[in-house]
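Participant: Structure in structure tokens, see below.
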Amino acid sequence: MAYIEQHSAGLPTPVRLGLIGSGWMGAFHGESIARRVPGAVLAAVADPNVDSAASVASQLGTAKVTADAADIMADPDIDAVIIASPARFHASLIAQAAAAGKHVFCEKPAAQSLEELDAALRAVETAGVHFQIGFNRRYATDFQAAKKDLAEGIVGEPQLLRSLTRDPGTGSIGHAARIPAWTIFLETLIHDFDTLNWFNEGAEPVEVYAVADALVEPSLRDQGFLDTAVVTIRYSNGALAVAEANFSALYGYDVRGEVFGSKGMVQAGRPTETAALRYTAEGLSAETPRLNVELFRDAYTDELVDFAAAVRARRDGAQPPSGAFTLTPGAADARRALAMALACIESVQQGGPVAVTAVSSNSKAGV
Ligand SMILES: NC(=O)c1ccc[n+]([C@@H]2O[C@H](COP(=O)([O-])OP(=O)(O)OC[C@H]3O[C@@H](n4cnc5c(N)ncnc54)[C@H](O)[C@@H]3O)[C@@H](O)[C@H]2O)c1
């Protein structure tokens with residue numbers, strides 16, 4: 001017997017992605033690109049902590065490592081960037097990448113003020129590059145199933161919506177003290193705002209009323225730390241929504257969404273790590289997902305599969321595949337959710353409801 005020769009003619013040239021920021025989320029995105037996103041290559045890693053960049057790159061077989069994201073921007077071999085630096089750098093990195101002609105995937109939030117976001121999005125528009133924001137919940141299979149039902153009108157007119165995030169914990173007071181002010185709105189509930197906006201597509205968030213406190217770490221309350229929040233939202237179609245978050249669910253990472261409408265209700269959110277249920281003399285129990293990268297492993301992969309497909313389609317002059325409902329979160333989604341988070345900050349500061357459109361383009365979170 002001899003091997004039959006197999007030629008791989010016709011396989012598309014992979015898209016080459018540069019990772020900017022190789023911390024917790026960036027390292028996971030790097031691993032997804034290198035191991036789980038077909039037709040994508042992790043071409044380079046940038047992080048001012050160059051040891052972190054080198055460690056991620058060497059584990060994933062990536063040769064190019066730099067402390068300066070500008071090297072990735074200037075690299076003609078790189079098609080697009082994945083921005084996973086801390087949020088305060090996002091807007092300027094988006095603008096730099098767009099000016100260099102790179103397509104952009106950016107972790108949330110895309111900016112910390114509407115003014116800097118608008119400047120970054122103008123750069124994206126001027127350059128004509130593809131932009132995607134990291135609202136990964138849209139890619140979770142249960143959230144997509146709920147969205148499909150909503151798009152098909154199965155739930156009727158949305159009347160009440162709900163989204164919640166209970167993070168698995170701040171770990172220690174030392175860690176909590178390093179979490180920037182207003183993170184609960186700008187980096188946690190911003191996911192819930194996008195879920196609600198996506199579920200209630202076509203309507204605009206009109207008004208928010210946010211209350212928040214430090215119930216997990218009360219000793220940090222005086223420093224302005226917030227770990228628990230509830231937000232009510234009024235939408236332009238009359239629907240009312242509630243978003244809530246807490247930083248310390250002892251039972252794991254708990255994310256849920258729900259829409260109640262004129263014809264019924266749809267719920268999303270996976271309560272257990274697997275479908276296995278344990279029945280014993282003590283009763284019924286199950287494993288729960290503990291980390292975001294456990295609950296959303298596939299969703300984090302699929303958002304990058306979507307991004308790589310869009311970059312490939314732009315490069316090859318093809319139409320990206322279209323689905324039964326809107327999926328890819330883009331510039332308008334990033335802006336709408338950020339405006340809500342900023343309105344929540346004003347709401348907490350003022351102690352009352354705030355019109356989302358009243359958030360001026362230069363109001364900036366005090367971070
Ligand atoms: N979608 C999600 O579910 C999810 C989950 C966690 C974090 N995030 C987001 O990912 C981003 C990063 O969060 P993280 O938890 O990975 O933080 P992290 O602190 O673990 O990592 C940030 C990394 O960026 C590097 N960095 C700092 N300045 C930089 C710059 N100018 N250019 C490039 N790199 C720079 C740091 O050295 C660090 O390695 C945040 O915006 C966060 O909100 C999203």
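We label chains A, B, ... in the order they appear in the structure tokens, count residues from 1 in each chain, and number ligands from 1 in the order shown.
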Could I get the residue neighbourhood of ligand 1 at 6 Å, counting only C-alpha atoms and all ligand atoms, as a PyMOL selection string?

Facilitator: chain A and resi 20-26+46-49+69+84-87+89+107-109+134+136+187

Participant: Near A:Arg88, counting only C-alpha atoms, which residues have an atom at most 9 Å away, once you skip same-chain residues fewer than 4 positions from it, shown as an MDAnalysis selection string?

Facilitator: chainID A and resid 92 109:112 367

Participant: Please produce a file of the residues just selected, as a PDB file, in the first residue's frame, where the atoms kept are N, CA and C atoms.

Facilitator:
```
ATOM      1  N   SER A  92      -8.596  54.436  21.406  1.00  0.00           N
ATOM      2  CA  SER A  92      -7.446  54.878  20.612  1.00  0.00           C
ATOM      3  C   SER A  92      -6.881  53.717  19.791  1.00  0.00           C
ATOM      4  N   PRO A 109     -15.902  47.425  26.933  1.00  0.00           N
ATOM      5  CA  PRO A 109     -16.619  48.415  26.147  1.00  0.00           C
ATOM      6  C   PRO A 109     -15.688  48.982  25.071  1.00  0.00           C
ATOM      7  N   ALA A 110     -16.283  49.461  23.970  1.00  0.00           N
ATOM      8  CA  ALA A 110     -15.445  49.973  22.882  1.00  0.00           C
ATOM      9  C   ALA A 110     -14.762  51.276  23.279  1.00  0.00           C
ATOM     10  N   ALA A 111     -15.277  51.931  24.321  1.00  0.00           N
ATOM     11  CA  ALA A 111     -14.689  53.197  24.788  1.00  0.00           C
ATOM     12  C   ALA A 111     -15.269  53.479  26.162  1.00  0.00           C
ATOM     13  N   GLN A 112     -14.800  54.554  26.780  1.00  0.00           N
ATOM     14  CA  GLN A 112     -15.337  54.938  28.090  1.00  0.00           C
ATOM     15  C   GLN A 112     -16.130  56.242  28.040  1.00  0.00           C
ATOM     16  N   VAL A 367     -12.998  57.181  35.563  1.00  0.00           N
ATOM     17  CA  VAL A 367     -12.099  56.053  35.793  1.00  0.00           C
ATOM     18  C   VAL A 367     -10.672  56.412  35.454  1.00  0.00           C
TER      19      VAL A 367
END
```

Participant: Can you list, as a PyMOL selection string, every residue of stretch 111-359 of chain A that DSSP puts in strand (DSSP E)?

Facilitator: chain A and resi 131-133+158-166+205-213+228-235+240-246+254-261+264-268+278-280+283-285+354-355

Participant: Would you mind listing what lies within 12 Å of A:Ser322 as a ChimeraX atom specification, with only C-alpha atoms counted and same-chain residues fewer than 6 positions away left out?

Facilitator: /A:306,309-310,313,328

Participant: May I ask for the distance between atom CA of A:Ile173 and atom CA of A:Met340, given in Å to one decimal place?

Facilitator: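 Answer for the atom CA of A:Ile173 to atom CA of A:Met340 separation: 28.0 Å.
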
Participant: Pull the closest atom pair for each residue of stretch 211-260 of chain A that gets at most 9 Å from stretch 155-167 of chain A, along with the distance in Å to one decimal, counting only C-alpha atoms, ordering rows by chain and then ascending residue number, as a tab-separated table.

Facilitator:
```
residue	atom	partner	partner_atom	distance
A:Asn237	CA	A:Pro158	CA	8.5
A:Gly238	CA	A:Gln159	CA	7.2
A:Ala239	CA	A:Gln159	CA	4.4
A:Leu240	CA	A:Leu160	CA	5.1
A:Ala241	CA	A:Leu161	CA	4.4
A:Val242	CA	A:Arg162	CA	4.9
A:Ala243	CA	A:Ser163	CA	4.9
A:Glu244	CA	A:Leu164	CA	4.8
A:Ala245	CA	A:Thr165	CA	4.7
A:Asn246	CA	A:Arg166	CA	4.9
A:Phe247	CA	A:Asp167	CA	4.7
A:Ser248	CA	A:Asp167	CA	5.4
A:Ala249	CA	A:Arg166	CA	5.6
A:Leu250	CA	A:Asp167	CA	8.8
A:Gly252	CA	A:Asp167	CA	7.2
A:Tyr253	CA	A:Asp167	CA	5.1
A:Asp254	CA	A:Arg166	CA	5.0
A:Val255	CA	A:Thr165	CA	4.7
A:Arg256	CA	A:Leu164	CA	5.4
A:Gly257	CA	A:Ser163	CA	4.3
A:Glu258	CA	A:Arg162	CA	5.0
A:Val259	CA	A:Leu161	CA	4.5
A:Phe260	CA	A:Leu160	CA	5.1
```

Participant: Determine the nearest neighbour of A:Ser32 from the options A:Thr301, A:Gln96, A:Gln223, A:Gln132, counting only C-alpha atoms.

Facilitator: A:Thr301

Participant: Neighbours of stretch 41-43 of chain A within 10 Å (only C-alpha atoms; same-chain residues fewer than 5 positions away dropped), as a VMD selection string?

Facilitator: chain A and resid 13 to 19 29 to 35 57 60 to 65 72 75 77 to 82 308

Participant: Neighbouring residues of A:Ala275 were defined as those with any atom within 12 Å, considering only C-alpha atoms; residues of the same chain fewer than 2 positions away were excluded. Please report them as a list in words.

Facilitator: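 Non-adjacent residues within range: Arg270, Pro271, Thr272, Glu273, Leu277, Arg278, Ser285, Ala286, Glu287, Thr288 and Pro289 of chain A.
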
Participant: Store the residues picked out above, limited to N, CA and C atoms, as a compact mmCIF listing (two decimals), in the first residue's frame.

Facilitator:
```
# COMPACT_ATOMS: atom_id res chain seq x y z
N ARG A 270 -27.96 28.92 30.80
CA ARG A 270 -27.71 27.51 31.10
C ARG A 270 -27.39 27.35 32.58
N PRO A 271 -28.24 26.67 33.35
CA PRO A 271 -27.99 26.61 34.79
C PRO A 271 -26.91 25.61 35.20
N THR A 272 -26.66 24.60 34.37
CA THR A 272 -25.70 23.56 34.79
C THR A 272 -24.58 23.44 33.76
N GLU A 273 -23.45 22.91 34.20
CA GLU A 273 -22.27 22.81 33.33
C GLU A 273 -22.50 21.79 32.20
N LEU A 277 -27.49 15.25 35.64
CA LEU A 277 -28.08 15.58 36.94
C LEU A 277 -27.77 14.43 37.89
N ARG A 278 -27.42 14.76 39.15
CA ARG A 278 -27.02 13.77 40.14
C ARG A 278 -28.16 13.59 41.14
N SER A 285 -28.63 17.29 42.41
CA SER A 285 -27.57 18.29 42.28
C SER A 285 -26.91 18.17 40.91
N ALA A 286 -26.12 19.19 40.57
CA ALA A 286 -25.44 19.21 39.26
C ALA A 286 -24.24 20.13 39.36
N GLU A 287 -23.27 19.94 38.47
CA GLU A 287 -22.13 20.87 38.40
C GLU A 287 -22.59 22.16 37.73
N THR A 288 -22.04 23.29 38.19
CA THR A 288 -22.36 24.57 37.54
C THR A 288 -21.11 25.13 36.89
N PRO A 289 -21.26 25.93 35.81
CA PRO A 289 -20.08 26.55 35.22
C PRO A 289 -19.47 27.55 36.20
```

Participant: Any idea what's packed within 10 Å of A:Arg314, counting only C-alpha atoms, ignoring anything in its chain fewer than 5 positions away? Could you give it as a list in words?

Facilitator: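 Once the nearby chain positions are removed, what remains is His103, Val129, His130, Ala308, Ala309, Gln319 and Pro320 of chain A.
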